[in-house]
Number of protein chains: 2
Amino acid sequence: MVRLVDVAKAAGVSRSTASNVFNNPDIVRPNLRKRVEAAANELGYAGPDPKGRLLREGKFNAIAVMPPIKTSMVDVIRNPVFNLLLQGVSEVCDERGASLVVVSGHAGRNNLGSVLADGIIFSRMDQLEEAETARLRRIPYAVVDFDPGPQVNSVRVDAKAGGYQAARHLLELGHRKFAILSFLREGRGSNVIETGSTRLPESAGIATDQEKLMGYANALSEAGIDIGAVPMVQADANDPEAAGKLLDIAPEATAVLSMSVMQGIRVIGEAISRGLRVPQDLSVVGFNDIPAAEHSVPSLTTVDGMGVQKGRDAACQILDGGPPRHKIIQPVLKVRGSSGPAPA
Amino acid sequence: MVRLVDVAKAAGVSRSTASNVFNNPDIVRPNLRKRVEAAANELGYAGPDPKGRLLREGKFNAIAVMPPIKTSMVDVIRNPVFNLLLQGVSEVCDERGASLVVVSGHAGRNNLGSVLADGIIFSRMDQLEEAETARLRRIPYAVVDFDPGPQVNSVRVDAKAGGYQAARHLLELGHRKFAILSFLREGRGSNVIETGSTRLPESAGIATDQEKLMGYANALSEAGIDIGAVPMVQADANDPEAAGKLLDIAPEATAVLSMSVMQGIRVIGEAISRGLRVPQDLSVVGFNDIPAAEHSVPSLTTVDGMGVQKGRDAACQILDGGPPRHKIIQPVLKVRGSSGPAPA
DNA sequence: CAAGATTCTTGGATCGGTCCAAATGCCGCT
DNA sequence: AGCGGCATTTGGACCGATCCAAGAATCTTG
């Protein structure tokens with residue numbers, strides 16, 4: 001491998017001059033510069049190796065995004081909600097000329113210490129131990145969708161407010177018979193659960209889910225409805241049977257609160273295939289605003305979880321440096337075609 | 001910043017031993033190891049800095065993907081077709097524990113030489129000059145969707161075959177009246193063009209588009225149809241008016257060949273809003289298979305451009321090393337709900 | 001034409017590690 | 001106690017650059 005010093009030697013100049021030819025061409029006199037360039041050409045040298053420069057300068061000029069635990073990189077890339085986060089991060093990267101690194105779950109898991117970036121964005125709370133490593137490495141980091149405390153940069157959406165908005169919207173449309181399609185929580189035997197009690201899921205799962213539920217609960221209780229009596233199905237976001245199960249156990253519901261867009265869309269599809277009209281017979285509201293929400297028929301009313309904004313803010317927290325910041329973003333209800341007045 | 005050598009000094013051992021404590025803990029005797037670990041803890045040292053290691057070992061353990069020219073990182077992240085490529089790349093990265101770098105258009109543009117990765121994936125032919133820099137830097141690279149010659153790794157889909165399959169499918173369903181929704185080419189005054197001649201667009205644009213068109217042309221000509229006489233609209237993939245324009249200029253068409261999924265879906269929507277039934281009155285076939293194709297109503301018959309596979313192959317070409325390979329992937333027609341027998 | 005003011009060029013130090021061959025220390029064994 | 005043999009530990013070299021103070025060359029100017 002030909003190095004800068006080889007070029008310098010070949011051109012009969014010092015390394016410094018050769019370095020200048022590539023980094024500050026204008027301060028080296030033309031004839032010398034020509035000689036160095038010729039030598040570089042001769043030897044097939046295409047400019048300084050970034051590895052050396054990196055060691056010296058210390059900046060990667062890149063932000064890393066860490067997949068949540070037990071999540072592969074592909075999952076991150078493919079997931080439309082995660083994609084919003086990546087969009088936000090890359091917007092900021094574009095503006096500042098930085099690159100985006102998606103860390104391999106494999107590599108990142110055990111040796112976070114080898115991540116080649118100036119900062120790391122973690123998402124979800126389950127990564128706190130790793131964040132600890134980042135802290136030790138003195139590398140800036142930010143946590144998305146969870147607030148681990150005052151020492152740590154964090155960005156999250158006020159999911160409770162989002163859930164509240166969603167439920168409130170349906171209440172204002174006159175709905176009183178609800179059904180909830182929630183996420184699967186670990187530690188449950190079945191993926192279908194009729195909530196018979198007011199006990200909310202314990203905090204072991206994804207924090208935002210619980211917040212959404214609390215938002216629903218608050219709005220409903222204002223209308224005198226006990227969320228403990230609302231039929232609920234908990235299922236994986238990709239479980240294709242959840243929508244059907246929900247409609248099975250809640251045939252009288254006129255409004256469905258879904259915690260995800262994809263499940264919301266499935267509810268619409270399932271309802272239509274059962275001869276219900278959406279929104280005349282059944283209203284559906286989702287959570288998060290991915291493009292699919294707009295393209296479904298009817299389009300899905302949903303709470304915009306401000307995914308792009310979260311990515312932007314997290315990236316800025318890292319790139320701007322300074323003391324830890326904690327941003328809480330207000331979600332915005334996007335009213336579309338899947339919600340309408342309760343049937344008379 | 002505390003360095004390995006500081007820890008070593010504090011623990012009263014050599015750098016090598018300290019290094020071993022972090023990299024080969026089992027070869028250093030327990031009491032010494034303890035001492036080093038204590039010192040590290042004391043000083044707040046969280047393990048070797050990857051910058052130093054990198055210089056020594058020379059491997060980034062990462063693959064970079066370069067946005068096409070004039071395309072920002074966000075565009076890449078957001079674009080569903082590009083997303084398939086990224087999925088493929090990250091699948092391979094996951095398998096091998098490598099990270100994925102999306103290069104900032106900004107940074108990448110002028111100083112490709114500073115990309116921190118072991119290999120670069122270029123997409124589209126417009127990046128040949130940059131590939132030249134990569135060649136000089138002796139960094140492996142692969143080009144997607146274009147074959148720059150025998151010296152260079154490349155992966156592309158046989159778009160001509162894809163176009164042929166699409167058109168053939170419609171012909172076999174009995175269609176004879178076609179309309180084509182193509183991409184916008186540069187250097188044209190208008191974005192709407194009725195092809196009045198058999199002259200195909202010159203090769204200035206994206207190579208695969210022309211190939212698709214040639215595939216269409218071949219299939220149609222077998223059925224005695226001159227593609228020069230087929231109404232065609234050229235438009236940007238996001239132009240919301242293209243579908244309408246196409247139906248305007250080709251009211252008698254029973255089948256639309258669209259070069260993209262999104263435009264295909266728009267054609268379906270536009271047709272339905274004009275009172276046409278899809279596929280009974282109008283069949284639509286797209287190109288590339290993104291999730292939206294499956295979720296439209298009716299779902300879109302489309303040619304799977306094997307985007308994920310392209311990403312996988314390109315990543316493998318880079319990671320496996322060896323002499324340049326050139327893979328041509330055969331596309332697969334996905335017949336769905338938007339195509340049916342020609343109306344009698 | 002030489003001293004002084006500029007402008008270039010240079011060598012040494014540094015960035016933070018890892019690797020390897022040589023040196024040291026430790027052990028049991030005779 | 002002395003010694004071979006093995007397991008640890010060590011210092012030097014190297015990875016590939018950039019930066020900076022100081023020396024050398026060039027240009028001004030009296």
# chains A, B, ... in the order shown; residues from 1 in each chain; ligands from 1
>>> residues_around(residues="DC26 of chain C", least_positions_apart="6", cutoff="10 Å", atoms="only C-alpha atoms (C1' of nucleotides)", output="ChimeraX atom specification")
/D:6-8
>>> closest_atom_pairs(of="chain D", to="chain B", cutoff="10 Å", atoms="only C-alpha atoms (C1' of nucleotides)", output="JSON lines")
{"residue": "D:DA7", "atom": "C1'", "partner": "B:Ile27", "partner_atom": "CA", "distance": 8.7}
{"residue": "D:DT8", "atom": "C1'", "partner": "B:Val28", "partner_atom": "CA", "distance": 6.9}
{"residue": "D:DT9", "atom": "C1'", "partner": "B:Thr17", "partner_atom": "CA", "distance": 6.8}
{"residue": "D:DT10", "atom": "C1'", "partner": "B:Ser14", "partner_atom": "CA", "distance": 6.3}
{"residue": "D:DG11", "atom": "C1'", "partner": "B:Ser14", "partner_atom": "CA", "distance": 8.4}
{"residue": "D:DC14", "atom": "C1'", "partner": "B:Arg56", "partner_atom": "CA", "distance": 8.0}
{"residue": "D:DC15", "atom": "C1'", "partner": "B:Arg56", "partner_atom": "CA", "distance": 4.4}
{"residue": "D:DG16", "atom": "C1'", "partner": "B:Leu55", "partner_atom": "CA", "distance": 7.4}
{"residue": "D:DA17", "atom": "C1'", "partner": "B:Leu55", "partner_atom": "CA", "distance": 9.8}
>>> select_by_dssp(residues="segment 85-178 of chain A", states="alpha helix (DSSP H)", output="VMD selection string")
chain A and resid 85 to 96 105 to 110 128 to 136 159 to 172
>>> calpha_fit_and_write(fixed="chain A", moving="chain B", output="short mmCIF file (atom, residue, chain, number, x, y, z; two decimals) with C-alpha atoms, in the first residue's frame")
data_model
loop_
_atom_site.label_atom_id
_atom_site.label_comp_id
_atom_site.auth_asym_id
_atom_site.auth_seq_id
_atom_site.Cartn_x
_atom_site.Cartn_y
_atom_site.Cartn_z
CA MET B 1 0.05 0.03 -0.03
CA VAL B 2 1.51 3.34 -1.04
CA ARG B 3 1.51 5.95 1.69
CA LEU B 4 1.82 9.67 1.78
CA VAL B 5 5.42 9.32 2.84
CA ASP B 6 6.18 7.22 -0.22
CA VAL B 7 4.84 9.90 -2.47
CA ALA B 8 6.86 12.50 -0.62
CA LYS B 9 9.99 10.46 -0.96
CA ALA B 10 9.40 9.87 -4.64
CA ALA B 11 8.86 13.57 -5.19
CA GLY B 12 11.84 14.47 -3.07
CA VAL B 13 9.87 16.54 -0.57
CA SER B 14 8.91 16.20 3.05
CA ARG B 15 5.75 14.51 4.24
CA SER B 16 4.39 17.85 5.33
CA THR B 17 4.67 19.31 1.90
CA ALA B 18 3.08 16.28 0.36
CA SER B 19 0.30 16.54 2.89
CA ASN B 20 -0.19 20.17 1.99
CA VAL B 21 -0.44 19.35 -1.67
CA PHE B 22 -3.59 17.41 -0.83
CA ASN B 23 -5.00 19.57 1.91
CA ASN B 24 -3.81 23.12 1.27
CA PRO B 25 -2.72 23.04 -2.35
CA ASP B 26 -2.49 26.81 -2.56
CA ILE B 27 0.27 27.22 -0.04
CA VAL B 28 2.72 25.03 -1.89
CA ARG B 29 4.51 26.51 -4.86
CA PRO B 30 3.23 25.37 -8.23
CA ASN B 31 6.33 23.60 -9.49
CA LEU B 32 6.68 21.58 -6.30
CA ARG B 33 3.01 20.82 -6.29
CA LYS B 34 3.25 19.56 -9.82
CA ARG B 35 6.12 17.32 -8.86
CA VAL B 36 4.21 15.83 -5.96
CA GLU B 37 1.10 15.35 -8.02
CA ALA B 38 3.12 13.64 -10.68
CA ALA B 39 4.66 11.32 -8.13
CA ALA B 40 1.26 10.55 -6.67
CA ASN B 41 -0.06 9.74 -10.07
CA GLU B 42 2.93 7.62 -10.84
CA LEU B 43 2.51 5.57 -7.71
CA GLY B 44 -1.25 5.41 -7.94
CA TYR B 45 -1.85 7.37 -4.80
CA ALA B 46 -5.32 8.86 -4.57
CA GLY B 47 -4.97 11.09 -1.56
CA PRO B 48 -4.60 10.70 2.16
CA ASP B 49 -5.98 7.60 3.76
CA PRO B 50 -8.89 8.56 6.00
CA LYS B 51 -7.69 6.21 8.72
CA GLY B 52 -4.62 8.26 9.42
CA ARG B 53 -6.45 11.52 9.26
CA LEU B 54 -9.12 10.18 11.52
CA LEU B 55 -6.68 9.30 14.23
CA ARG B 56 -5.18 12.73 14.10
CA GLU B 57 -8.37 14.76 13.82
CA GLY B 58 -10.52 12.64 16.02
CA LYS B 59 -13.81 13.31 14.22
CA PHE B 60 -15.70 10.64 12.35
CA ASN B 61 -18.23 13.05 11.04
CA ALA B 62 -20.92 10.46 11.44
CA ILE B 63 -23.84 9.64 13.66
CA ALA B 64 -24.65 6.08 14.55
CA VAL B 65 -28.08 4.66 15.10
CA MET B 66 -28.28 1.59 17.25
CA PRO B 67 -30.99 -0.94 16.59
CA PRO B 68 -33.07 -1.76 19.65
CA ILE B 69 -32.09 -4.90 21.43
CA LYS B 70 -33.03 -8.12 19.68
CA THR B 71 -33.62 -6.16 16.52
CA SER B 72 -31.51 -6.68 13.46
CA MET B 73 -30.38 -3.98 11.12
CA VAL B 74 -32.75 -5.18 8.42
CA ASP B 75 -35.63 -4.83 10.81
CA VAL B 76 -34.63 -1.27 11.42
CA ILE B 77 -34.27 -0.49 7.75
CA ARG B 78 -37.53 -2.14 6.84
CA ASN B 79 -39.66 -0.82 9.66
CA PRO B 80 -41.59 2.19 8.42
CA VAL B 81 -41.84 3.81 11.82
CA PHE B 82 -38.14 3.48 12.38
CA ASN B 83 -37.67 4.82 8.91
CA LEU B 84 -39.14 8.11 10.03
CA LEU B 85 -36.49 8.36 12.70
CA LEU B 86 -33.78 7.65 10.17
CA GLN B 87 -35.24 10.27 7.90
CA GLY B 88 -34.97 12.85 10.62
CA VAL B 89 -31.43 11.88 11.46
CA SER B 90 -30.37 11.94 7.85
CA GLU B 91 -31.95 15.33 7.28
CA VAL B 92 -29.66 16.73 9.91
CA CYS B 93 -26.74 14.73 8.58
CA ASP B 94 -27.38 16.14 5.14
CA GLU B 95 -27.41 19.66 6.48
CA ARG B 96 -24.12 19.20 8.25
CA GLY B 97 -22.37 16.93 5.84
CA ALA B 98 -22.21 14.02 8.24
CA SER B 99 -22.80 10.38 7.43
CA LEU B 100 -25.25 8.01 9.01
CA VAL B 101 -24.15 4.68 10.41
CA VAL B 102 -26.57 1.93 11.16
CA VAL B 103 -24.80 -0.33 13.57
CA SER B 104 -24.96 -4.04 13.09
CA GLY B 105 -26.89 -5.49 15.94
CA HIS B 106 -24.28 -8.16 16.09
CA ALA B 107 -21.25 -5.93 16.28
CA GLY B 108 -22.94 -3.28 18.28
CA ARG B 109 -24.27 -5.62 20.83
CA ASN B 110 -21.09 -6.78 22.39
CA ASN B 111 -18.64 -4.16 21.46
CA LEU B 112 -20.34 -0.89 21.34
CA GLY B 113 -16.88 0.42 21.97
CA SER B 114 -15.99 -0.12 18.35
CA VAL B 115 -18.70 1.98 16.80
CA LEU B 116 -17.10 4.41 14.40
CA ALA B 117 -19.15 7.52 14.96
CA ASP B 118 -19.16 10.75 16.90
CA GLY B 119 -22.38 9.99 18.64
CA ILE B 120 -24.94 7.28 19.07
CA ILE B 121 -28.68 7.36 18.98
CA PHE B 122 -30.37 4.68 21.00
CA SER B 123 -33.99 4.01 20.66
CA ARG B 124 -36.15 2.51 23.29
CA MET B 125 -35.38 2.11 26.88
CA ASP B 126 -34.05 -1.38 26.71
CA GLN B 127 -30.64 -0.09 25.84
CA LEU B 128 -29.71 1.56 29.04
CA GLU B 129 -26.81 -0.72 29.81
CA GLU B 130 -25.27 0.05 26.50
CA ALA B 131 -25.81 3.71 26.98
CA GLU B 132 -23.66 3.21 30.03
CA THR B 133 -20.82 2.06 27.82
CA ALA B 134 -21.29 5.10 25.67
CA ARG B 135 -21.13 7.27 28.74
CA LEU B 136 -17.87 5.67 29.72
CA ARG B 137 -16.48 6.14 26.27
CA ARG B 138 -17.37 9.81 26.65
CA ILE B 139 -19.10 9.65 23.33
CA PRO B 140 -22.24 11.77 23.06
CA TYR B 141 -25.46 9.91 22.79
CA ALA B 142 -29.17 10.45 22.85
CA VAL B 143 -32.01 8.18 23.74
CA VAL B 144 -35.22 8.21 21.77
CA ASP B 145 -38.63 7.38 23.19
CA PHE B 146 -37.47 7.15 26.74
CA ASP B 147 -36.14 9.56 29.29
CA PRO B 148 -33.37 7.92 31.30
CA GLY B 149 -32.82 10.94 33.49
CA PRO B 150 -31.29 14.39 33.57
CA GLN B 151 -27.76 13.34 32.64
CA VAL B 152 -28.76 11.98 29.29
CA ASN B 153 -29.92 13.55 26.04
CA SER B 154 -33.36 12.32 25.24
CA VAL B 155 -36.22 12.90 22.86
CA ARG B 156 -39.61 11.44 23.19
CA VAL B 157 -43.09 12.04 22.03
CA ASP B 158 -45.76 12.70 24.59
CA ALA B 159 -47.52 9.45 23.86
CA LYS B 160 -50.00 9.97 26.63
CA ALA B 161 -51.12 13.19 25.02
CA GLY B 162 -51.29 11.35 21.71
CA GLY B 163 -53.48 8.64 23.12
CA TYR B 164 -55.62 11.25 24.73
CA GLN B 165 -56.09 13.09 21.45
CA ALA B 166 -57.00 9.91 19.63
CA ALA B 167 -59.61 8.88 22.15
CA ARG B 168 -60.88 12.42 22.58
CA HIS B 169 -61.37 12.70 18.82
CA LEU B 170 -63.55 9.61 18.78
CA LEU B 171 -65.47 10.70 21.85
CA GLU B 172 -66.22 14.03 20.23
CA LEU B 173 -67.56 12.17 17.26
CA GLY B 174 -70.01 10.59 19.64
CA HIS B 175 -68.46 7.17 20.05
CA ARG B 176 -68.98 5.35 23.31
CA LYS B 177 -68.32 1.72 22.38
CA PHE B 178 -64.59 1.20 22.04
CA ALA B 179 -62.13 -1.56 21.36
CA ILE B 180 -58.38 -1.37 21.74
CA LEU B 181 -55.71 -3.06 19.65
CA SER B 182 -52.53 -2.94 21.67
CA PHE B 183 -49.03 -4.27 21.36
CA LEU B 184 -47.88 -7.60 22.56
CA ARG B 185 -46.21 -7.46 25.91
CA GLU B 186 -43.69 -9.94 27.03
CA GLY B 187 -44.46 -12.28 29.84
CA ARG B 188 -48.01 -12.97 28.76
CA GLY B 189 -49.06 -16.45 27.86
CA SER B 190 -51.45 -15.49 25.14
CA ASN B 191 -51.38 -12.76 22.59
CA VAL B 192 -55.03 -12.14 22.95
CA ILE B 193 -56.29 -10.68 26.14
CA GLU B 194 -59.66 -9.39 27.08
CA THR B 195 -59.00 -6.85 29.74
CA GLY B 196 -61.32 -7.69 32.52
CA SER B 197 -59.78 -5.40 35.08
CA THR B 198 -58.60 -1.85 35.25
CA ARG B 199 -55.08 -3.01 35.94
CA LEU B 200 -52.79 -1.60 33.30
CA PRO B 201 -49.91 -3.68 31.99
CA GLU B 202 -46.81 -3.41 34.08
CA SER B 203 -44.01 -1.22 32.90
CA ALA B 204 -41.87 -4.05 31.62
CA GLY B 205 -42.66 -3.40 28.00
CA ILE B 206 -42.18 -0.45 25.76
CA ALA B 207 -42.86 2.65 27.76
CA THR B 208 -44.69 4.52 25.07
CA ASP B 209 -47.28 1.81 24.69
CA GLN B 210 -48.26 2.17 28.24
CA GLU B 211 -48.42 5.89 27.83
CA LYS B 212 -50.74 5.59 24.88
CA LEU B 213 -52.96 3.40 26.96
CA MET B 214 -52.93 5.92 29.78
CA GLY B 215 -53.88 8.61 27.32
CA TYR B 216 -56.80 6.51 26.12
CA ALA B 217 -57.76 5.82 29.73
CA ASN B 218 -57.73 9.48 30.68
CA ALA B 219 -59.90 10.56 27.80
CA LEU B 220 -62.32 7.69 28.26
CA SER B 221 -62.64 8.22 31.96
CA GLU B 222 -63.54 11.85 31.38
CA ALA B 223 -66.45 10.49 29.43
CA GLY B 224 -67.27 8.13 32.24
CA ILE B 225 -65.89 5.06 30.52
CA ASP B 226 -63.71 2.64 32.45
CA ILE B 227 -60.88 1.46 30.25
CA GLY B 228 -60.84 -1.77 32.21
CA ALA B 229 -64.13 -2.64 30.61
CA VAL B 230 -63.00 -1.90 27.08
CA PRO B 231 -62.25 -5.03 25.04
CA MET B 232 -58.58 -5.20 24.16
CA VAL B 233 -56.41 -7.43 22.07
CA GLN B 234 -52.68 -7.40 22.49
CA ALA B 235 -50.73 -8.57 19.51
CA ASP B 236 -47.54 -8.23 17.66
CA ALA B 237 -47.63 -5.40 15.17
CA ASN B 238 -47.37 -7.88 12.33
CA ASP B 239 -49.83 -10.44 13.62
CA PRO B 240 -52.34 -10.71 10.77
CA GLU B 241 -55.03 -12.23 12.95
CA ALA B 242 -55.23 -9.59 15.62
CA ALA B 243 -57.69 -7.40 13.76
CA GLY B 244 -60.08 -10.27 13.28
CA LYS B 245 -59.83 -11.29 16.89
CA LEU B 246 -60.56 -7.80 18.04
CA LEU B 247 -63.69 -7.57 15.93
CA ASP B 248 -64.69 -11.00 17.19
CA ILE B 249 -64.52 -10.07 20.82
CA ALA B 250 -65.92 -6.58 20.34
CA PRO B 251 -68.69 -6.90 17.76
CA GLU B 252 -70.60 -3.99 19.21
CA ALA B 253 -67.69 -1.52 19.10
CA THR B 254 -68.10 1.56 16.90
CA ALA B 255 -64.56 2.80 17.33
CA VAL B 256 -61.20 1.11 17.45
CA LEU B 257 -58.11 2.61 19.03
CA SER B 258 -55.10 0.98 17.47
CA MET B 259 -51.58 1.53 18.67
CA SER B 260 -50.07 1.12 15.26
CA VAL B 261 -50.81 2.09 11.71
CA MET B 262 -50.45 -1.35 10.24
CA GLN B 263 -52.87 -2.87 12.70
CA GLY B 264 -55.21 0.03 12.16
CA ILE B 265 -55.17 -0.63 8.44
CA ARG B 266 -55.80 -4.31 9.06
CA VAL B 267 -58.79 -3.42 11.19
CA ILE B 268 -60.16 -1.35 8.33
CA GLY B 269 -59.64 -4.21 5.93
CA GLU B 270 -61.12 -6.78 8.23
CA ALA B 271 -64.11 -4.58 8.98
CA ILE B 272 -64.82 -3.97 5.32
CA SER B 273 -64.52 -7.67 4.56
CA ARG B 274 -67.13 -8.27 7.24
CA GLY B 275 -69.48 -5.90 5.53
CA LEU B 276 -68.96 -2.95 7.83
CA ARG B 277 -68.52 0.46 6.36
CA VAL B 278 -65.62 2.57 7.53
CA PRO B 279 -66.14 5.11 8.96
CA GLN B 280 -69.95 4.96 8.88
CA ASP B 281 -70.20 1.79 10.96
CA LEU B 282 -66.74 1.68 12.47
CA SER B 283 -64.18 4.35 13.08
CA VAL B 284 -60.52 3.48 13.36
CA VAL B 285 -57.67 5.58 14.70
CA GLY B 286 -54.04 4.52 14.60
CA PHE B 287 -50.80 5.74 16.04
CA ASN B 288 -47.80 7.10 14.14
CA ASP B 289 -48.03 8.51 10.69
CA ILE B 290 -46.31 6.46 8.06
CA PRO B 291 -47.12 6.85 4.36
CA ALA B 292 -49.28 3.74 4.40
CA ALA B 293 -51.75 5.57 6.63
CA GLU B 294 -52.45 8.03 3.88
CA HIS B 295 -52.74 5.44 1.16
CA SER B 296 -55.14 3.04 2.77
CA VAL B 297 -58.76 3.16 1.68
CA PRO B 298 -60.19 4.93 3.50
CA SER B 299 -57.10 6.75 4.67
CA LEU B 300 -56.33 6.22 8.30
CA THR B 301 -56.92 8.83 10.95
CA THR B 302 -53.88 8.55 13.14
CA VAL B 303 -51.75 10.31 15.69
CA ASP B 304 -48.58 11.63 14.15
CA GLY B 305 -45.85 10.49 16.50
CA MET B 306 -43.48 13.01 14.94
CA GLY B 307 -40.93 10.38 14.10
CA VAL B 308 -38.95 12.59 11.74
CA GLN B 309 -38.80 15.34 14.31
CA LYS B 310 -37.54 12.89 16.91
CA GLY B 311 -34.73 11.90 14.62
CA ARG B 312 -33.85 15.50 13.91
CA ASP B 313 -33.81 16.45 17.55
CA ALA B 314 -31.75 13.48 18.62
CA ALA B 315 -29.21 14.16 15.89
CA CYS B 316 -29.00 17.80 16.86
CA GLN B 317 -28.56 16.96 20.52
CA ILE B 318 -25.56 14.91 19.56
CA LEU B 319 -24.04 17.21 17.01
CA ASP B 320 -24.60 20.42 18.93
CA GLY B 321 -23.04 19.09 22.09
CA GLY B 322 -23.64 21.07 25.24
CA PRO B 323 -25.41 19.96 28.38
CA PRO B 324 -27.93 17.14 28.11
CA ARG B 325 -31.29 18.21 26.78
CA HIS B 326 -34.63 16.54 27.12
CA LYS B 327 -37.16 17.19 24.50
CA ILE B 328 -40.75 16.15 24.66
CA ILE B 329 -42.56 16.48 21.39
CA GLN B 330 -46.27 16.96 21.17
CA PRO B 331 -47.96 14.57 18.78
CA VAL B 332 -50.49 15.84 16.26
CA LEU B 333 -53.72 14.11 15.37
CA LYS B 334 -54.14 13.66 11.65
CA VAL B 335 -57.81 13.33 10.92
CA ARG B 336 -58.43 11.36 7.76
CA GLY B 337 -61.06 9.18 6.29
CA SER B 338 -61.27 6.33 8.77
CA SER B 339 -63.00 8.23 11.53
CA GLY B 340 -66.46 9.68 11.45
CA PRO B 341 -69.52 10.30 13.59
CA ALA B 342 -70.74 7.41 15.68
CA PRO B 343 -73.65 5.57 14.06
CA ALA B 344 -76.97 6.65 15.45
#
>>> closest_residue(among="C:DC29, C:DC8, C:DC1, C:DC20", to="chain B", atoms="only C-alpha atoms (C1' of nucleotides)")
C:DC20
>>> atom_distance(atom1="atom C1' of DT9 of chain C", atom2="atom C1' of DC27 of chain D")
16.1 Å
>>> interface_residues(of="chain C", to="chain A", cutoff="10 Å", atoms="only C-alpha atoms (C1' of nucleotides)", output="list in words")
DT7, DC8, DT9, DT10, DG11, DT14, DC15, DG16 and DG17 of chain C
>>> select_by_dssp(residues="segment 47-139 of chain B", states="strand (DSSP E)", output="PyMOL selection string")
chain B and resi 62-66+99-102+119-123
>>> atom_distance(atom1="atom C1' of DA21 of chain D", atom2="atom C1' of DT6 of chain C")
16.5 Å
